[in-house]
Structures are given as structure tokens and as C-alpha cells.
$ cat model19.cif   # mmCIF, N, CA and C atoms
data_upload
#
loop_
_atom_site.label_atom_id
_atom_site.label_comp_id
_atom_site.auth_asym_id
_atom_site.auth_seq_id
_atom_site.Cartn_x
_atom_site.Cartn_y
_atom_site.Cartn_z
N MET A 1 -13.72 42.75 70.74
CA MET A 1 -14.91 43.46 71.11
C MET A 1 -15.94 42.43 71.57
N ARG A 2 -16.64 42.78 72.63
CA ARG A 2 -17.70 41.92 73.15
C ARG A 2 -19.04 42.59 72.90
N LEU A 3 -19.97 41.85 72.35
CA LEU A 3 -21.31 42.37 72.10
C LEU A 3 -22.24 41.83 73.18
N THR A 4 -23.08 42.70 73.68
CA THR A 4 -24.05 42.30 74.69
C THR A 4 -25.44 42.50 74.13
N GLU A 5 -26.25 41.46 74.18
CA GLU A 5 -27.63 41.54 73.69
C GLU A 5 -28.44 42.43 74.63
N THR A 6 -29.17 43.39 74.08
CA THR A 6 -30.02 44.26 74.88
C THR A 6 -31.39 43.61 75.05
N GLU A 7 -31.89 43.66 76.26
CA GLU A 7 -33.23 43.12 76.53
C GLU A 7 -34.18 44.27 76.81
N PHE A 8 -35.42 44.08 76.42
CA PHE A 8 -36.45 45.09 76.61
C PHE A 8 -37.58 44.45 77.41
N PRO A 9 -37.47 44.46 78.74
CA PRO A 9 -38.44 43.74 79.56
C PRO A 9 -39.84 44.37 79.60
N GLU A 10 -39.94 45.64 79.30
CA GLU A 10 -41.21 46.35 79.48
C GLU A 10 -41.95 46.66 78.19
N GLY A 11 -41.45 46.25 77.04
CA GLY A 11 -42.14 46.58 75.80
C GLY A 11 -41.34 46.20 74.58
N GLN A 12 -41.77 46.67 73.45
CA GLN A 12 -41.15 46.36 72.17
C GLN A 12 -40.29 47.53 71.71
N PRO A 13 -39.05 47.28 71.28
CA PRO A 13 -38.22 48.37 70.79
C PRO A 13 -38.57 48.76 69.36
N VAL A 14 -38.22 49.97 69.01
CA VAL A 14 -38.30 50.41 67.62
C VAL A 14 -37.04 49.88 66.95
N ASP A 15 -37.22 49.03 65.93
CA ASP A 15 -36.05 48.45 65.28
C ASP A 15 -35.87 48.90 63.84
N GLY A 16 -36.62 49.91 63.44
CA GLY A 16 -36.42 50.49 62.13
C GLY A 16 -37.46 51.56 61.82
N TYR A 17 -37.10 52.46 60.92
CA TYR A 17 -38.03 53.49 60.47
C TYR A 17 -37.56 53.97 59.11
N GLY A 18 -38.47 54.54 58.36
CA GLY A 18 -38.14 55.04 57.04
C GLY A 18 -39.29 55.87 56.51
N PRO A 19 -39.29 56.19 55.24
CA PRO A 19 -40.34 57.03 54.68
C PRO A 19 -41.74 56.43 54.88
N GLY A 20 -42.51 57.01 55.77
CA GLY A 20 -43.89 56.61 55.98
C GLY A 20 -44.12 55.42 56.88
N PHE A 21 -43.07 54.85 57.49
CA PHE A 21 -43.28 53.67 58.33
C PHE A 21 -42.35 53.67 59.54
N VAL A 22 -42.73 52.85 60.52
CA VAL A 22 -41.87 52.54 61.66
C VAL A 22 -42.03 51.04 61.91
N ARG A 23 -40.94 50.38 62.30
CA ARG A 23 -40.99 48.95 62.60
C ARG A 23 -40.75 48.78 64.10
N VAL A 24 -41.72 48.19 64.77
CA VAL A 24 -41.65 47.99 66.22
C VAL A 24 -41.76 46.50 66.50
N GLY A 25 -40.75 45.95 67.17
CA GLY A 25 -40.76 44.53 67.47
C GLY A 25 -40.88 43.66 66.25
N GLY A 26 -40.32 44.11 65.13
CA GLY A 26 -40.35 43.34 63.89
C GLY A 26 -41.59 43.52 63.04
N VAL A 27 -42.56 44.30 63.50
CA VAL A 27 -43.80 44.52 62.76
C VAL A 27 -43.79 45.93 62.16
N VAL A 28 -44.05 46.03 60.88
CA VAL A 28 -44.07 47.33 60.20
C VAL A 28 -45.44 47.99 60.38
N HIS A 29 -45.41 49.27 60.77
CA HIS A 29 -46.63 50.08 60.93
C HIS A 29 -46.50 51.29 60.01
N ARG A 30 -47.50 51.53 59.19
CA ARG A 30 -47.48 52.67 58.26
C ARG A 30 -48.24 53.85 58.85
N GLY A 31 -47.72 55.04 58.61
CA GLY A 31 -48.37 56.24 59.09
C GLY A 31 -48.04 56.52 60.55
N PRO A 32 -48.64 57.57 61.11
CA PRO A 32 -48.38 57.93 62.50
C PRO A 32 -48.84 56.82 63.46
N VAL A 33 -48.04 56.57 64.48
CA VAL A 33 -48.35 55.52 65.46
C VAL A 33 -48.05 55.98 66.88
N LEU A 34 -48.71 55.32 67.82
CA LEU A 34 -48.39 55.46 69.23
C LEU A 34 -47.78 54.14 69.68
N VAL A 35 -46.66 54.24 70.37
CA VAL A 35 -46.00 53.07 70.94
C VAL A 35 -46.10 53.24 72.45
N LEU A 36 -46.99 52.47 73.05
CA LEU A 36 -47.31 52.61 74.47
C LEU A 36 -47.07 51.29 75.19
N PRO A 37 -47.00 51.30 76.50
CA PRO A 37 -46.85 50.03 77.23
C PRO A 37 -47.93 49.01 76.88
N SER A 38 -49.10 49.48 76.50
CA SER A 38 -50.20 48.58 76.14
C SER A 38 -50.10 48.04 74.72
N GLY A 39 -49.20 48.59 73.90
CA GLY A 39 -49.01 48.13 72.53
C GLY A 39 -48.86 49.27 71.54
N VAL A 40 -48.83 48.91 70.28
CA VAL A 40 -48.67 49.86 69.18
C VAL A 40 -50.03 50.03 68.51
N VAL A 41 -50.46 51.28 68.36
CA VAL A 41 -51.75 51.56 67.74
C VAL A 41 -51.60 52.70 66.73
N PRO A 42 -52.43 52.71 65.69
CA PRO A 42 -52.42 53.84 64.76
C PRO A 42 -52.78 55.12 65.52
N TRP A 43 -52.24 56.21 65.04
CA TRP A 43 -52.48 57.51 65.67
C TRP A 43 -52.99 58.48 64.63
N GLY A 44 -54.01 59.25 65.00
CA GLY A 44 -54.61 60.21 64.09
C GLY A 44 -53.87 61.53 63.96
N GLY A 45 -52.72 61.66 64.62
CA GLY A 45 -51.93 62.88 64.52
C GLY A 45 -52.25 63.87 65.63
N TRP A 46 -51.92 65.11 65.40
CA TRP A 46 -51.95 66.14 66.44
C TRP A 46 -53.32 66.33 67.08
N ALA A 47 -54.39 66.14 66.36
CA ALA A 47 -55.72 66.34 66.92
C ALA A 47 -56.20 65.14 67.74
N ASP A 48 -55.51 64.02 67.64
CA ASP A 48 -55.91 62.78 68.30
C ASP A 48 -55.14 62.62 69.62
N THR A 49 -55.69 63.17 70.70
CA THR A 49 -55.01 63.10 71.99
C THR A 49 -55.65 62.12 72.97
N GLY A 50 -56.81 61.57 72.63
CA GLY A 50 -57.54 60.71 73.55
C GLY A 50 -56.76 59.52 74.07
N THR A 51 -56.12 58.78 73.17
CA THR A 51 -55.36 57.59 73.59
C THR A 51 -54.16 57.99 74.43
N LEU A 52 -53.51 59.08 74.07
CA LEU A 52 -52.37 59.56 74.86
C LEU A 52 -52.79 59.95 76.27
N LEU A 53 -53.89 60.68 76.37
CA LEU A 53 -54.35 61.12 77.68
C LEU A 53 -54.78 59.94 78.53
N ALA A 54 -55.36 58.92 77.91
CA ALA A 54 -55.76 57.71 78.64
C ALA A 54 -54.55 56.94 79.16
N ALA A 55 -53.42 57.04 78.48
CA ALA A 55 -52.21 56.33 78.87
C ALA A 55 -51.30 57.13 79.78
N ALA A 56 -51.65 58.38 80.08
CA ALA A 56 -50.77 59.28 80.82
C ALA A 56 -50.29 58.70 82.15
N ALA A 57 -51.15 58.04 82.89
CA ALA A 57 -50.78 57.51 84.20
C ALA A 57 -49.78 56.37 84.09
N ALA A 58 -49.69 55.72 82.93
CA ALA A 58 -48.78 54.59 82.75
C ALA A 58 -47.41 55.02 82.24
N LEU A 59 -47.20 56.33 82.02
CA LEU A 59 -45.96 56.82 81.42
C LEU A 59 -45.20 57.76 82.34
N ASP A 60 -43.87 57.61 82.36
CA ASP A 60 -43.02 58.60 83.00
C ASP A 60 -42.74 59.74 82.04
N VAL A 61 -42.59 59.40 80.76
CA VAL A 61 -42.31 60.41 79.74
C VAL A 61 -42.79 59.90 78.38
N LEU A 62 -43.26 60.83 77.57
CA LEU A 62 -43.67 60.55 76.19
C LEU A 62 -42.71 61.28 75.27
N PHE A 63 -42.11 60.55 74.34
CA PHE A 63 -41.28 61.17 73.32
C PHE A 63 -42.15 61.39 72.09
N VAL A 64 -42.13 62.60 71.57
CA VAL A 64 -42.96 62.96 70.43
C VAL A 64 -42.04 63.16 69.22
N GLY A 65 -42.09 62.23 68.29
CA GLY A 65 -41.30 62.32 67.07
C GLY A 65 -42.05 63.16 66.05
N THR A 66 -41.47 64.28 65.68
CA THR A 66 -42.16 65.25 64.82
C THR A 66 -41.86 65.09 63.34
N GLY A 67 -41.25 63.98 62.95
CA GLY A 67 -40.89 63.76 61.55
C GLY A 67 -39.38 63.75 61.39
N ALA A 68 -38.90 64.02 60.19
CA ALA A 68 -37.47 63.95 59.90
C ALA A 68 -36.64 64.89 60.77
N ALA A 69 -37.21 66.00 61.16
CA ALA A 69 -36.49 66.98 61.98
C ALA A 69 -37.42 67.52 63.07
N LEU A 70 -36.84 68.08 64.09
CA LEU A 70 -37.62 68.69 65.15
C LEU A 70 -38.44 69.85 64.59
N SER A 71 -39.71 69.88 64.94
CA SER A 71 -40.55 71.02 64.58
C SER A 71 -41.45 71.32 65.78
N PRO A 72 -41.93 72.54 65.88
CA PRO A 72 -42.77 72.91 67.03
C PRO A 72 -44.05 72.08 67.07
N LEU A 73 -44.49 71.76 68.29
CA LEU A 73 -45.76 71.06 68.46
C LEU A 73 -46.90 72.05 68.33
N PRO A 74 -48.00 71.65 67.72
CA PRO A 74 -49.17 72.53 67.66
C PRO A 74 -49.63 72.89 69.08
N ALA A 75 -50.02 74.13 69.27
CA ALA A 75 -50.41 74.63 70.60
C ALA A 75 -51.52 73.80 71.25
N PRO A 76 -52.58 73.41 70.54
CA PRO A 76 -53.62 72.61 71.20
C PRO A 76 -53.12 71.24 71.67
N PHE A 77 -52.24 70.62 70.89
CA PHE A 77 -51.67 69.33 71.27
C PHE A 77 -50.83 69.48 72.54
N ARG A 78 -49.95 70.48 72.53
CA ARG A 78 -49.10 70.75 73.69
C ARG A 78 -49.95 71.05 74.93
N ALA A 79 -50.98 71.85 74.77
CA ALA A 79 -51.84 72.22 75.90
C ALA A 79 -52.56 71.00 76.47
N ALA A 80 -53.00 70.08 75.61
CA ALA A 80 -53.69 68.88 76.08
C ALA A 80 -52.76 68.01 76.92
N LEU A 81 -51.52 67.83 76.47
CA LEU A 81 -50.56 67.02 77.23
C LEU A 81 -50.19 67.69 78.54
N GLU A 82 -49.95 68.99 78.49
CA GLU A 82 -49.62 69.72 79.72
C GLU A 82 -50.77 69.68 80.70
N GLY A 83 -52.00 69.82 80.21
CA GLY A 83 -53.18 69.80 81.07
C GLY A 83 -53.38 68.46 81.77
N ALA A 84 -52.90 67.38 81.14
CA ALA A 84 -53.01 66.05 81.73
C ALA A 84 -51.83 65.74 82.65
N GLY A 85 -50.87 66.66 82.72
CA GLY A 85 -49.69 66.44 83.55
C GLY A 85 -48.74 65.42 82.97
N LEU A 86 -48.80 65.21 81.66
CA LEU A 86 -47.96 64.23 81.00
C LEU A 86 -46.63 64.88 80.61
N ALA A 87 -45.53 64.31 81.11
CA ALA A 87 -44.20 64.80 80.73
C ALA A 87 -43.93 64.36 79.30
N PHE A 88 -43.48 65.28 78.46
CA PHE A 88 -43.22 64.94 77.07
C PHE A 88 -42.00 65.69 76.57
N GLU A 89 -41.39 65.13 75.54
CA GLU A 89 -40.21 65.73 74.94
C GLU A 89 -40.31 65.62 73.43
N PRO A 90 -40.51 66.74 72.73
CA PRO A 90 -40.54 66.68 71.27
C PRO A 90 -39.12 66.60 70.71
N MET A 91 -38.97 65.85 69.65
CA MET A 91 -37.70 65.74 68.94
C MET A 91 -37.97 65.13 67.57
N GLY A 92 -36.99 65.15 66.72
CA GLY A 92 -37.14 64.50 65.43
C GLY A 92 -37.41 63.01 65.66
N THR A 93 -38.13 62.38 64.74
CA THR A 93 -38.49 60.97 64.90
C THR A 93 -37.27 60.06 65.07
N PRO A 94 -36.19 60.21 64.29
CA PRO A 94 -35.03 59.33 64.52
C PRO A 94 -34.49 59.44 65.96
N SER A 95 -34.38 60.65 66.47
CA SER A 95 -33.89 60.84 67.84
C SER A 95 -34.87 60.28 68.86
N ALA A 96 -36.16 60.48 68.62
CA ALA A 96 -37.18 59.97 69.54
C ALA A 96 -37.12 58.44 69.62
N CYS A 97 -36.93 57.78 68.49
CA CYS A 97 -36.84 56.31 68.48
C CYS A 97 -35.62 55.83 69.26
N ARG A 98 -34.49 56.45 69.03
CA ARG A 98 -33.26 56.03 69.73
C ARG A 98 -33.39 56.26 71.23
N THR A 99 -33.90 57.42 71.62
CA THR A 99 -34.03 57.74 73.04
C THR A 99 -35.02 56.81 73.72
N TYR A 100 -36.12 56.55 73.05
CA TYR A 100 -37.12 55.60 73.56
C TYR A 100 -36.49 54.24 73.83
N ASN A 101 -35.72 53.73 72.86
CA ASN A 101 -35.10 52.41 73.02
C ASN A 101 -34.15 52.36 74.21
N VAL A 102 -33.37 53.41 74.42
CA VAL A 102 -32.44 53.44 75.55
C VAL A 102 -33.20 53.39 76.86
N LEU A 103 -34.21 54.24 77.01
CA LEU A 103 -34.97 54.25 78.26
C LEU A 103 -35.80 52.99 78.45
N LEU A 104 -36.31 52.43 77.37
CA LEU A 104 -37.04 51.18 77.45
C LEU A 104 -36.13 50.06 77.96
N ALA A 105 -34.89 50.01 77.47
CA ALA A 105 -33.93 49.00 77.91
C ALA A 105 -33.60 49.16 79.40
N GLU A 106 -33.73 50.38 79.92
CA GLU A 106 -33.50 50.63 81.34
C GLU A 106 -34.71 50.28 82.19
N GLY A 107 -35.80 49.87 81.55
CA GLY A 107 -37.01 49.51 82.28
C GLY A 107 -37.90 50.68 82.63
N ARG A 108 -37.67 51.82 82.00
CA ARG A 108 -38.48 53.01 82.27
C ARG A 108 -39.85 52.90 81.60
N ARG A 109 -40.81 53.64 82.12
CA ARG A 109 -42.17 53.66 81.58
C ARG A 109 -42.26 54.77 80.53
N VAL A 110 -41.96 54.43 79.28
CA VAL A 110 -41.89 55.42 78.22
C VAL A 110 -42.89 55.11 77.12
N GLY A 111 -43.21 56.14 76.36
CA GLY A 111 -44.08 55.99 75.21
C GLY A 111 -43.59 56.86 74.07
N LEU A 112 -44.12 56.59 72.89
CA LEU A 112 -43.79 57.34 71.69
C LEU A 112 -45.05 57.75 70.96
N ALA A 113 -45.05 58.96 70.47
CA ALA A 113 -46.04 59.42 69.51
C ALA A 113 -45.23 59.82 68.29
N LEU A 114 -45.39 59.08 67.19
CA LEU A 114 -44.48 59.26 66.05
C LEU A 114 -45.18 59.67 64.77
N ILE A 115 -44.66 60.73 64.20
CA ILE A 115 -44.95 61.09 62.82
C ILE A 115 -43.79 60.51 62.01
N PRO A 116 -44.04 59.65 61.02
CA PRO A 116 -42.92 59.02 60.30
C PRO A 116 -42.06 60.04 59.58
N VAL A 117 -40.84 59.62 59.25
CA VAL A 117 -39.92 60.49 58.50
C VAL A 117 -40.31 60.50 57.05
#

$ encode --input "model19.cif" --output "C-alpha cells"
Amino acid sequence: MRLTETEFPEGQPVDGYGPGFVRVGGVVHRGPVLVLPSGVVPWGGWADTGTLLAAAAALDVLFVGTGAALSPLPAPFRAALEGAGLAFEPMGTPSACRTYNVLLAEGRRVGLALIPV
């Protein structure tokens, strides 16, 4: 078997997650976070859309990790993203992290809004 090292030219990959935290590029972040091309920042949750809307032009797609399992997005949050023309895909946080890493490795302009598991 041959192993090939994956490179992430456009940002930092998610390299771990667990109860209440996510690890991005080797740094542990507690609580909800945004992983954007500009960096990783704390996120205030569903009511905090300002940073996401400001980053909309820099993203092709935003993956929204809703926690341990997929759950519906709150209507005001969904409406704010749709109103900004931001493409987004809700999924459970583990799936969102994996999908983000794959697209990041492809050089795509992706972001994450994560509620920890």
C-alpha cells in the first residue's frame, strides 16, 4: 500500500473533533466555531450571522455542522444565508468536517460553521 500525504494549500484542515471541541490545524477550539479562509474564529451560534455574511463572497460553499447528527437549521439563520446568496449545506458535524477537508484538499473555497458534537 502506498500512502500519499494530503496537502491543503488554501487553509487549515479539521484534524479532530469531540465533545465540545474541534481541532483545526493542530489547535483545539472549544465551543461553536467558524472555519473560514481568513482563519478560525469563535461563533455565537445560530443568531450570529454577521461574520458568515461578511465572508460570503470568499466562499463557494459553507458546510454547517449541526452537532452529532443532522438537525434542521433555524429559519432565521437559513433565511439570512439564503438572502446573502451563500450556498450552504447542513449536515452532522462529523460529516461536515470530512466533506470540508476533501473540498479543501481540492483547493475549493469552502467554509465551516460548526456546532461541536

$ resolve_selection --input "model19.cif" --expression "the PyMOL selection byres ((chain A and resi 12-27) around 6.5)" --output "count of residues only"
11

$ resolve_selection --input "model19.cif" --expression "the PyMOL selection byres ((chain A and resi 33) around 5)" --output "PyMOL selection string"
chain A and resi 31-32+34-35+41-43+113-114

$ closest_residue --input "model19.cif" --among "A:Leu112, A:Gly107, A:Ala96, A:Pro74" --to "A:Trp46" --atoms "all atoms listed in the file"
A:Pro74

$ atom_distance --input "model19.cif" --atom1 "atom CA of A:Ala84" --atom2 "atom N of A:Asp48"
14.5 Å

$ closest_residue --input "model19.cif" --among "A:Asp60, A:Gly83, A:Phe77, A:Thr49" --to "A:Gly111" --atoms "only N, CA and C atoms"
A:Asp60

$ atom_distance --input "model19.cif" --atom1 "atom CA of A:Thr93" --atom2 "atom C of A:Ala68"
6.0 Å

$ axis_aligned_box --input "model19.cif" --around "stretch 100-113 of chain A" --padding-each-side "4 Å" --output "lines of an AutoDock Vina configuration file"
center_x = -39.2
center_y = 54.4
center_z = 75.5
size_x = 21.6
size_y = 18.8
size_z = 22.3

$ closest_residue --input "model19.cif" --among "A:Ala80, A:Ala69, A:Gly50, A:Ala55" --to "A:Pro37" --atoms "all atoms listed in the file"
A:Ala55

$ select_by_dssp --input "model19.cif" --residues "chain A" --states "alpha helix (DSSP H)" --output "number ranges by chain"
A: 50-55, 75-83, 93-105

$ closest_residue --input "model19.cif" --among "A:Ser71, A:Arg109, A:Glu82, A:Gly65" --to "A:Pro94" --atoms "only N, CA and C atoms"
A:Gly65
